[in-house]
$ cat final34.csv   # CSV, C-alpha atoms and all ligand atoms
chain,number,residue,atom,x,y,z
X,7,MET,CA,141.1,-27.8,-46.8
X,8,ALA,CA,144.1,-27.7,-44.6
X,9,LYS,CA,143.5,-27.3,-40.9
X,10,THR,CA,144.9,-24.2,-39.3
X,11,LYS,CA,146.0,-24.3,-35.7
X,12,SER,CA,144.4,-21.8,-33.3
X,13,PRO,CA,146.9,-19.6,-31.7
X,14,ALA,CA,148.3,-21.0,-28.4
X,15,ARG,CA,146.7,-19.5,-25.3
X,16,ASN,CA,148.1,-18.9,-22.0
X,17,LYS,CA,146.5,-21.9,-20.4
X,18,LYS,CA,148.2,-21.5,-17.0
X,19,ALA,CA,146.8,-18.1,-16.5
X,20,ALA,CA,143.3,-19.3,-17.5
X,21,VAL,CA,143.5,-22.2,-15.1
X,22,SER,CA,144.5,-20.3,-12.1
X,23,ALA,CA,141.9,-17.6,-12.8
X,24,GLY,CA,139.3,-20.3,-13.1
X,25,ALA,CA,140.2,-21.9,-9.8
X,26,ALA,CA,139.9,-18.6,-8.0
X,27,LYS,CA,136.3,-18.3,-9.2
X,28,GLY,CA,135.4,-21.8,-8.2
X,29,ASN,CA,135.3,-22.6,-11.9
X,30,SER,CA,138.4,-24.8,-12.2
X,31,GLN,CA,138.9,-27.5,-14.8
X,32,LEU,CA,138.3,-30.1,-12.2
X,33,GLU,CA,135.0,-28.5,-11.1
X,34,LYS,CA,133.9,-28.4,-14.8
X,35,TYR,CA,134.8,-32.1,-15.1
X,36,PHE,CA,132.9,-32.8,-11.9
X,37,HIS,CA,129.8,-31.0,-13.2
X,38,ASP,CA,130.0,-32.9,-16.5
X,39,ALA,CA,130.3,-36.2,-14.6
X,40,LEU,CA,127.2,-35.3,-12.6
X,41,LYS,CA,125.2,-34.6,-15.8
X,42,ASP,CA,126.4,-38.0,-17.1
X,43,ILE,CA,125.2,-40.0,-14.0
X,44,TYR,CA,122.0,-37.9,-13.9
X,45,TRP,CA,121.2,-39.1,-17.4
X,46,ALA,CA,122.2,-42.6,-16.5
X,47,GLU,CA,119.9,-42.8,-13.4
X,48,LYS,CA,117.0,-41.5,-15.5
X,49,ALA,CA,117.7,-44.1,-18.2
X,50,LEU,CA,117.7,-46.8,-15.5
X,51,THR,CA,114.2,-45.8,-14.3
X,52,LYS,CA,113.0,-46.8,-17.8
X,53,ALA,CA,115.0,-50.0,-18.0
X,54,LEU,CA,114.4,-51.5,-14.6
X,55,PRO,CA,110.6,-52.1,-15.0
X,56,LYS,CA,111.3,-54.0,-18.3
X,57,LEU,CA,113.9,-56.2,-16.5
X,58,LYS,CA,111.4,-56.8,-13.7
X,59,ARG,CA,108.7,-57.9,-16.1
X,60,ALA,CA,111.2,-60.2,-17.8
X,61,SER,CA,112.3,-61.9,-14.6
X,62,THR,CA,110.6,-64.8,-12.8
X,63,THR,CA,111.8,-65.1,-9.3
X,64,ASP,CA,109.8,-63.2,-6.7
X,65,GLN,CA,113.0,-62.2,-4.8
X,66,LEU,CA,114.6,-60.8,-7.9
X,67,GLN,CA,111.4,-58.9,-8.9
X,68,THR,CA,111.2,-57.4,-5.4
X,69,ALA,CA,114.9,-56.4,-5.5
X,70,ILE,CA,114.4,-54.7,-8.9
X,71,ASP,CA,111.3,-52.9,-7.6
X,72,THR,CA,113.2,-51.7,-4.5
X,73,HIS,CA,116.1,-50.5,-6.6
X,74,LEU,CA,113.7,-48.6,-8.9
X,75,GLU,CA,112.4,-46.7,-5.9
X,76,GLN,CA,116.0,-46.0,-4.7
X,77,THR,CA,116.9,-44.9,-8.2
X,78,ARG,CA,114.1,-42.3,-8.1
X,79,GLU,CA,115.4,-41.0,-4.8
X,80,GLN,CA,119.0,-41.0,-6.2
X,81,ILE,CA,117.7,-38.7,-9.0
X,82,THR,CA,116.3,-36.3,-6.4
X,83,ARG,CA,119.6,-36.5,-4.5
X,84,LEU,CA,121.5,-35.5,-7.7
X,85,GLU,CA,119.1,-32.6,-8.1
X,86,GLU,CA,120.0,-31.6,-4.6
X,87,VAL,CA,123.7,-31.8,-5.5
X,88,PHE,CA,123.2,-29.6,-8.6
X,89,GLN,CA,121.4,-27.1,-6.3
X,90,LEU,CA,124.2,-27.1,-3.8
X,91,LEU,CA,126.6,-26.3,-6.6
X,92,GLY,CA,124.3,-23.5,-7.8
X,93,LYS,CA,123.8,-25.3,-11.2
X,94,LYS,CA,120.7,-26.3,-13.1
X,95,ALA,CA,119.9,-30.1,-13.0
X,96,GLN,CA,120.7,-31.2,-16.5
X,97,GLY,CA,121.5,-34.6,-18.1
X,98,LYS,CA,124.0,-35.5,-20.7
X,99,LYS,CA,123.9,-38.8,-22.6
X,100,CYS,CA,125.9,-41.5,-20.8
X,101,GLU,CA,127.2,-43.8,-23.4
X,102,ALA,CA,128.2,-46.4,-20.8
X,103,MET,CA,124.7,-46.7,-19.3
X,104,GLU,CA,123.2,-46.8,-22.7
X,105,GLY,CA,125.4,-49.8,-23.5
X,106,LEU,CA,124.7,-51.5,-20.2
X,107,VAL,CA,120.9,-51.1,-20.7
X,108,LYS,CA,121.3,-52.5,-24.2
X,109,GLU,CA,123.2,-55.4,-22.8
X,110,GLY,CA,120.3,-56.0,-20.3
X,111,GLU,CA,117.8,-56.1,-23.2
X,112,GLU,CA,120.0,-58.6,-25.1
X,113,ALA,CA,120.3,-60.7,-22.0
X,114,VAL,CA,116.5,-61.0,-22.0
X,115,GLU,CA,116.3,-61.6,-25.7
X,116,SER,CA,118.9,-64.4,-25.7
X,117,THR,CA,117.3,-66.4,-22.9
X,118,GLU,CA,114.0,-68.3,-22.5
X,119,LYS,CA,111.0,-66.7,-20.8
X,120,GLY,CA,110.5,-68.2,-17.4
X,121,SER,CA,113.9,-69.8,-17.2
X,122,MET,CA,116.4,-69.4,-14.3
X,123,THR,CA,119.1,-68.8,-16.9
X,124,ARG,CA,117.2,-65.6,-17.8
X,125,ASP,CA,117.1,-64.5,-14.2
X,126,VAL,CA,120.9,-65.2,-13.9
X,127,ALA,CA,121.4,-63.1,-17.0
X,128,ILE,CA,119.3,-60.3,-15.6
X,129,ILE,CA,121.2,-60.3,-12.3
X,130,VAL,CA,124.5,-60.1,-14.2
X,131,ALA,CA,123.2,-57.2,-16.2
X,132,CYS,CA,122.0,-55.4,-13.0
X,133,GLN,CA,125.3,-56.0,-11.3
X,134,LYS,CA,127.2,-54.6,-14.2
X,135,VAL,CA,125.1,-51.4,-13.8
X,136,GLU,CA,125.7,-51.4,-10.1
X,137,HIS,CA,129.5,-51.7,-10.5
X,138,TYR,CA,129.5,-48.8,-13.0
X,139,GLU,CA,127.5,-46.7,-10.5
X,140,ILE,CA,129.8,-47.7,-7.6
X,141,ALA,CA,132.8,-46.6,-9.7
X,142,THR,CA,131.1,-43.3,-10.6
X,143,TYR,CA,129.8,-42.4,-7.2
X,144,GLY,CA,132.9,-43.6,-5.4
X,145,SER,CA,135.0,-41.3,-7.6
X,146,LEU,CA,132.6,-38.3,-7.3
X,147,VAL,CA,132.6,-38.6,-3.4
X,148,GLN,CA,136.4,-38.5,-3.3
X,149,LEU,CA,136.5,-35.6,-5.8
X,150,ALA,CA,133.9,-33.6,-3.8
X,151,ARG,CA,136.0,-34.1,-0.7
X,152,THR,CA,139.2,-33.1,-2.5
X,153,MET,CA,137.4,-29.9,-3.7
X,154,GLY,CA,136.4,-29.2,-0.1
X,155,ASN,CA,132.6,-29.8,-0.6
X,156,ALA,CA,131.6,-32.0,2.3
X,157,ASP,CA,127.9,-31.4,1.8
X,158,VAL,CA,128.0,-32.7,-1.8
X,159,ALA,CA,130.3,-35.6,-0.8
X,160,ASN,CA,127.8,-36.7,1.9
X,161,VAL,CA,124.8,-36.6,-0.4
X,162,LEU,CA,126.6,-38.7,-3.0
X,163,GLU,CA,127.9,-41.1,-0.4
X,164,THR,CA,124.3,-42.0,0.6
X,165,THR,CA,123.8,-43.1,-2.9
X,166,LEU,CA,127.1,-44.9,-3.1
X,167,GLU,CA,126.1,-47.0,-0.1
X,168,GLU,CA,122.8,-47.9,-1.6
X,169,GLU,CA,124.5,-49.1,-4.8
X,170,LYS,CA,126.9,-51.2,-2.8
X,171,GLU,CA,124.0,-52.8,-0.8
X,172,THR,CA,122.1,-53.5,-4.0
X,173,ASP,CA,125.1,-55.2,-5.5
X,174,LEU,CA,125.4,-57.4,-2.4
X,175,LEU,CA,121.7,-58.2,-2.4
X,176,LEU,CA,121.9,-59.3,-6.0
X,177,THR,CA,124.8,-61.6,-5.2
X,178,SER,CA,122.9,-63.2,-2.4
X,179,ILE,CA,119.8,-63.7,-4.6
X,180,ALA,CA,122.0,-65.3,-7.3
X,181,GLU,CA,123.6,-67.6,-4.7
X,182,ASN,CA,120.3,-68.6,-3.1
X,183,ASN,CA,119.5,-70.4,-5.4
X,184,ILE,CA,119.0,-68.9,-8.9
X,185,ASN,CA,122.5,-69.8,-10.1
X,186,TRP,CA,122.1,-73.4,-9.0
X,187,GLU,CA,118.7,-73.8,-10.4
X,188,ALA,CA,119.9,-72.4,-13.7
X,189,GLU,CA,122.7,-74.9,-13.7
X,190,GLN,CA,120.0,-77.7,-13.4
X,191,GLU,CA,118.1,-76.4,-16.4
X,192,GLU,CA,117.8,-78.6,-19.5
X,193,GLU,CA,119.7,-77.8,-22.6
X,194,VAL,CA,117.9,-75.7,-25.2
X,195,GLU,CA,117.9,-76.7,-28.8
X,196,GLU,CA,120.3,-74.6,-30.9
X,197,GLU,CA,118.5,-72.5,-33.5
X,198,ALA,CA,119.1,-73.7,-37.0
I,201,FE,FE,121.7,-45.6,-9.0
$ encode --input "final34.csv" --output "structure tokens" --more "lines below"
Ligand SMILES: [Fe+2]
Amino acid sequence: MAKTKSPARNKKAAVSAGAAKGNSQLEKYFHDALKDIYWAEKALTKALPKLKRASTTDQLQTAIDTHLEQTREQITRLEEVFQLLGKKAQGKKCEAMEGLVKEGEEAVESTEKGSMTRDVAIIVACQKVEHYEIATYGSLVQLARTMGNADVANVLETTLEEEKETDLLLTSIAENNINWEAEQEEEVEEEA
């Protein structure tokens, strides 16, 4: 069946009316992005314990544990943001986080239990997650400021700083000395 085009609407009028009600396109986009990261943080609380169990180094396990606790607080912070905006806290599937979590699982599956190479792979997977979150929260903080909502920007900025610190911590764990130990590991036999 041939598609019929819906009649053109006066979008300009709709946009300006929306902005006046605090319901602009940008605010809708922002609300959607919040739902996305809310889902992502929740997904992470399920993924992190698995990564911790799969890792060997004490320092890495502690870092993952600490970040799990932080992630739970970040979820509470997002609920606070929803509340500040007068919206219900609600998640929407984040395709990016789903992919990153899957990549973390694959990193574990493709490396040997107890090896430093596996710890390296877990750190890389965690840092990819952190960089995604830094990009997300960084953008949301700026957008909240642009929209004149300093309270929301401040709450999100607390989380942004935590994500940055976690990223730096993971780098220092990798450099002292998991990367080097992994480099010393013996070759594994290729599967037939
Ligand atoms: Fe987070």
$ closest_atom_pairs --input "final34.csv" --of "range 104-194 of chain X" --to "range 64-80 of chain X" --cutoff "10 Å" --atoms "all atoms listed in the file" --output "JSON lines"
{"residue": "X:Asp125", "atom": "CA", "partner": "X:Leu66", "partner_atom": "CA", "distance": 7.7}
{"residue": "X:Val126", "atom": "CA", "partner": "X:Leu66", "partner_atom": "CA", "distance": 9.7}
{"residue": "X:Ile128", "atom": "CA", "partner": "X:Leu66", "partner_atom": "CA", "distance": 9.0}
{"residue": "X:Ile129", "atom": "CA", "partner": "X:Leu66", "partner_atom": "CA", "distance": 7.9}
{"residue": "X:Cys132", "atom": "CA", "partner": "X:Ile70", "partner_atom": "CA", "distance": 8.7}
{"residue": "X:Val161", "atom": "CA", "partner": "X:Gln80", "partner_atom": "CA", "distance": 9.3}
{"residue": "X:Leu162", "atom": "CA", "partner": "X:Gln80", "partner_atom": "CA", "distance": 8.6}
{"residue": "X:Thr164", "atom": "CA", "partner": "X:Gln80", "partner_atom": "CA", "distance": 8.7}
{"residue": "X:Thr165", "atom": "CA", "partner": "X:Gln80", "partner_atom": "CA", "distance": 6.2}
{"residue": "X:Leu166", "atom": "CA", "partner": "X:Gln80", "partner_atom": "CA", "distance": 9.5}
{"residue": "X:Glu168", "atom": "CA", "partner": "X:Gln76", "partner_atom": "CA", "distance": 7.7}
{"residue": "X:Glu169", "atom": "CA", "partner": "X:His73", "partner_atom": "CA", "distance": 8.7}
{"residue": "X:Thr172", "atom": "CA", "partner": "X:His73", "partner_atom": "CA", "distance": 7.2}
{"residue": "X:Leu175", "atom": "CA", "partner": "X:Ala69", "partner_atom": "CA", "distance": 7.7}
{"residue": "X:Leu176", "atom": "CA", "partner": "X:Ala69", "partner_atom": "CA", "distance": 7.6}
{"residue": "X:Ile179", "atom": "CA", "partner": "X:Leu66", "partner_atom": "CA", "distance": 6.8}
{"residue": "X:Ala180", "atom": "CA", "partner": "X:Leu66", "partner_atom": "CA", "distance": 8.7}
{"residue": "X:Asn182", "atom": "CA", "partner": "X:Gln65", "partner_atom": "CA", "distance": 9.9}
{"residue": "X:Ile184", "atom": "CA", "partner": "X:Leu66", "partner_atom": "CA", "distance": 9.3}
$ residues_around --input "final34.csv" --residues "Val87 in chain X" --least-positions-apart "3" --cutoff "12 Å" --atoms "only C-alpha atoms" --output "MDAnalysis selection string"
chainID X and resid 36:37 40:41 43:44 80:84 90:96 146:147 150 155:165
$ write_last_selection --input "final34.csv" --atoms "C-alpha atoms" --output "mmCIF file, in the coordinates of the input"
data_model
loop_
_atom_site.group_PDB
_atom_site.id
_atom_site.type_symbol
_atom_site.label_atom_id
_atom_site.label_comp_id
_atom_site.auth_asym_id
_atom_site.auth_seq_id
_atom_site.Cartn_x
_atom_site.Cartn_y
_atom_site.Cartn_z
ATOM 1 C CA PHE X 36 132.900 -32.800 -11.900
ATOM 2 C CA HIS X 37 129.800 -31.000 -13.200
ATOM 3 C CA LEU X 40 127.200 -35.300 -12.600
ATOM 4 C CA LYS X 41 125.200 -34.600 -15.800
ATOM 5 C CA ILE X 43 125.200 -40.000 -14.000
ATOM 6 C CA TYR X 44 122.000 -37.900 -13.900
ATOM 7 C CA GLN X 80 119.000 -41.000 -6.200
ATOM 8 C CA ILE X 81 117.700 -38.700 -9.000
ATOM 9 C CA THR X 82 116.300 -36.300 -6.400
ATOM 10 C CA ARG X 83 119.600 -36.500 -4.500
ATOM 11 C CA LEU X 84 121.500 -35.500 -7.700
ATOM 12 C CA LEU X 90 124.200 -27.100 -3.800
ATOM 13 C CA LEU X 91 126.600 -26.300 -6.600
ATOM 14 C CA GLY X 92 124.300 -23.500 -7.800
ATOM 15 C CA LYS X 93 123.800 -25.300 -11.200
ATOM 16 C CA LYS X 94 120.700 -26.300 -13.100
ATOM 17 C CA ALA X 95 119.900 -30.100 -13.000
ATOM 18 C CA GLN X 96 120.700 -31.200 -16.500
ATOM 19 C CA LEU X 146 132.600 -38.300 -7.300
ATOM 20 C CA VAL X 147 132.600 -38.600 -3.400
ATOM 21 C CA ALA X 150 133.900 -33.600 -3.800
ATOM 22 C CA ASN X 155 132.600 -29.800 -0.600
ATOM 23 C CA ALA X 156 131.600 -32.000 2.300
ATOM 24 C CA ASP X 157 127.900 -31.400 1.800
ATOM 25 C CA VAL X 158 128.000 -32.700 -1.800
ATOM 26 C CA ALA X 159 130.300 -35.600 -0.800
ATOM 27 C CA ASN X 160 127.800 -36.700 1.900
ATOM 28 C CA VAL X 161 124.800 -36.600 -0.400
ATOM 29 C CA LEU X 162 126.600 -38.700 -3.000
ATOM 30 C CA GLU X 163 127.900 -41.100 -0.400
ATOM 31 C CA THR X 164 124.300 -42.000 0.600
ATOM 32 C CA THR X 165 123.800 -43.100 -2.900
#
$ closest_residue --input "final34.csv" --among "X:Thr51, X:Asn183, X:Ser61, X:Ser145" --to "ligand FE 201 (chain I)" --atoms "all atoms listed in the file"
X:Thr51
$ closest_residue --input "final34.csv" --among "X:Glu33, X:Glu112, X:Ala141, X:Glu85" --to "Gly154 in chain X" --atoms "all atoms listed in the file"
X:Glu33
$ axis_aligned_box --input "final34.csv" --around "range 40-46 of chain X" --padding-each-side "8 Å" --output "AutoDock Vina command-line options"
--center_x 124.2 --center_y -38.6 --center_z -15.0 --size_x 22.0 --size_y 24.0 --size_z 20.8
$ atom_distance --input "final34.csv" --atom1 "CA of Arg151 in chain X" --atom2 "CA of Ala49 in chain X"
27.2 Å
$ closest_residue --input "final34.csv" --among "X:Phe88, X:Tyr138, X:Trp186, X:Tyr35" --to "ligand FE 201 (chain I)" --atoms "all atoms listed in the file"
X:Tyr138
$ atom_distance --input "final34.csv" --atom1 "CA of Ala113 in chain X" --atom2 "CA of Ile140 in chain X"
21.6 Å
$ atom_distance --input "final34.csv" --atom1 "CA of Ala102 in chain X" --atom2 "CA of Ala131 in chain X"
12.8 Å
$ residues_around --input "final34.csv" --residues "Glu104 in chain X" --least-positions-apart "5" --cutoff "12 Å" --atoms "only C-alpha atoms" --output "compact mmCIF listing (two decimals) with C-alpha atoms, keeping the file's coordinate frame"
# COMPACT_ATOMS: atom_id res chain seq x y z
CA ASP X 42 126.40 -38.00 -17.10
CA ILE X 43 125.20 -40.00 -14.00
CA TRP X 45 121.20 -39.10 -17.40
CA ALA X 46 122.20 -42.60 -16.50
CA GLU X 47 119.90 -42.80 -13.40
CA LYS X 48 117.00 -41.50 -15.50
CA ALA X 49 117.70 -44.10 -18.20
CA LEU X 50 117.70 -46.80 -15.50
CA LYS X 52 113.00 -46.80 -17.80
CA ALA X 53 115.00 -50.00 -18.00
CA LYS X 98 124.00 -35.50 -20.70
CA LYS X 99 123.90 -38.80 -22.60
CA GLU X 109 123.20 -55.40 -22.80
CA GLY X 110 120.30 -56.00 -20.30
CA GLU X 111 117.80 -56.10 -23.20
CA VAL X 135 125.10 -51.40 -13.80
CA TYR X 138 129.50 -48.80 -13.00
$ closest_residue --input "final34.csv" --among "X:Asp38, X:Glu101, X:Glu136, X:Glu118" --to "ligand FE 201 (chain I)" --atoms "all atoms listed in the file"
X:Glu136
$ closest_residue --input "final34.csv" --among "X:Met122, X:Leu57, X:Val130, X:Leu106" --to "Glu189 in chain X" --atoms "all atoms listed in the file"
X:Met122
$ closest_residue --input "final34.csv" --among "X:Thr117, X:Leu54, X:Gln190, X:Glu86" --to "ligand FE 201 (chain I)" --atoms "all atoms listed in the file"
X:Leu54
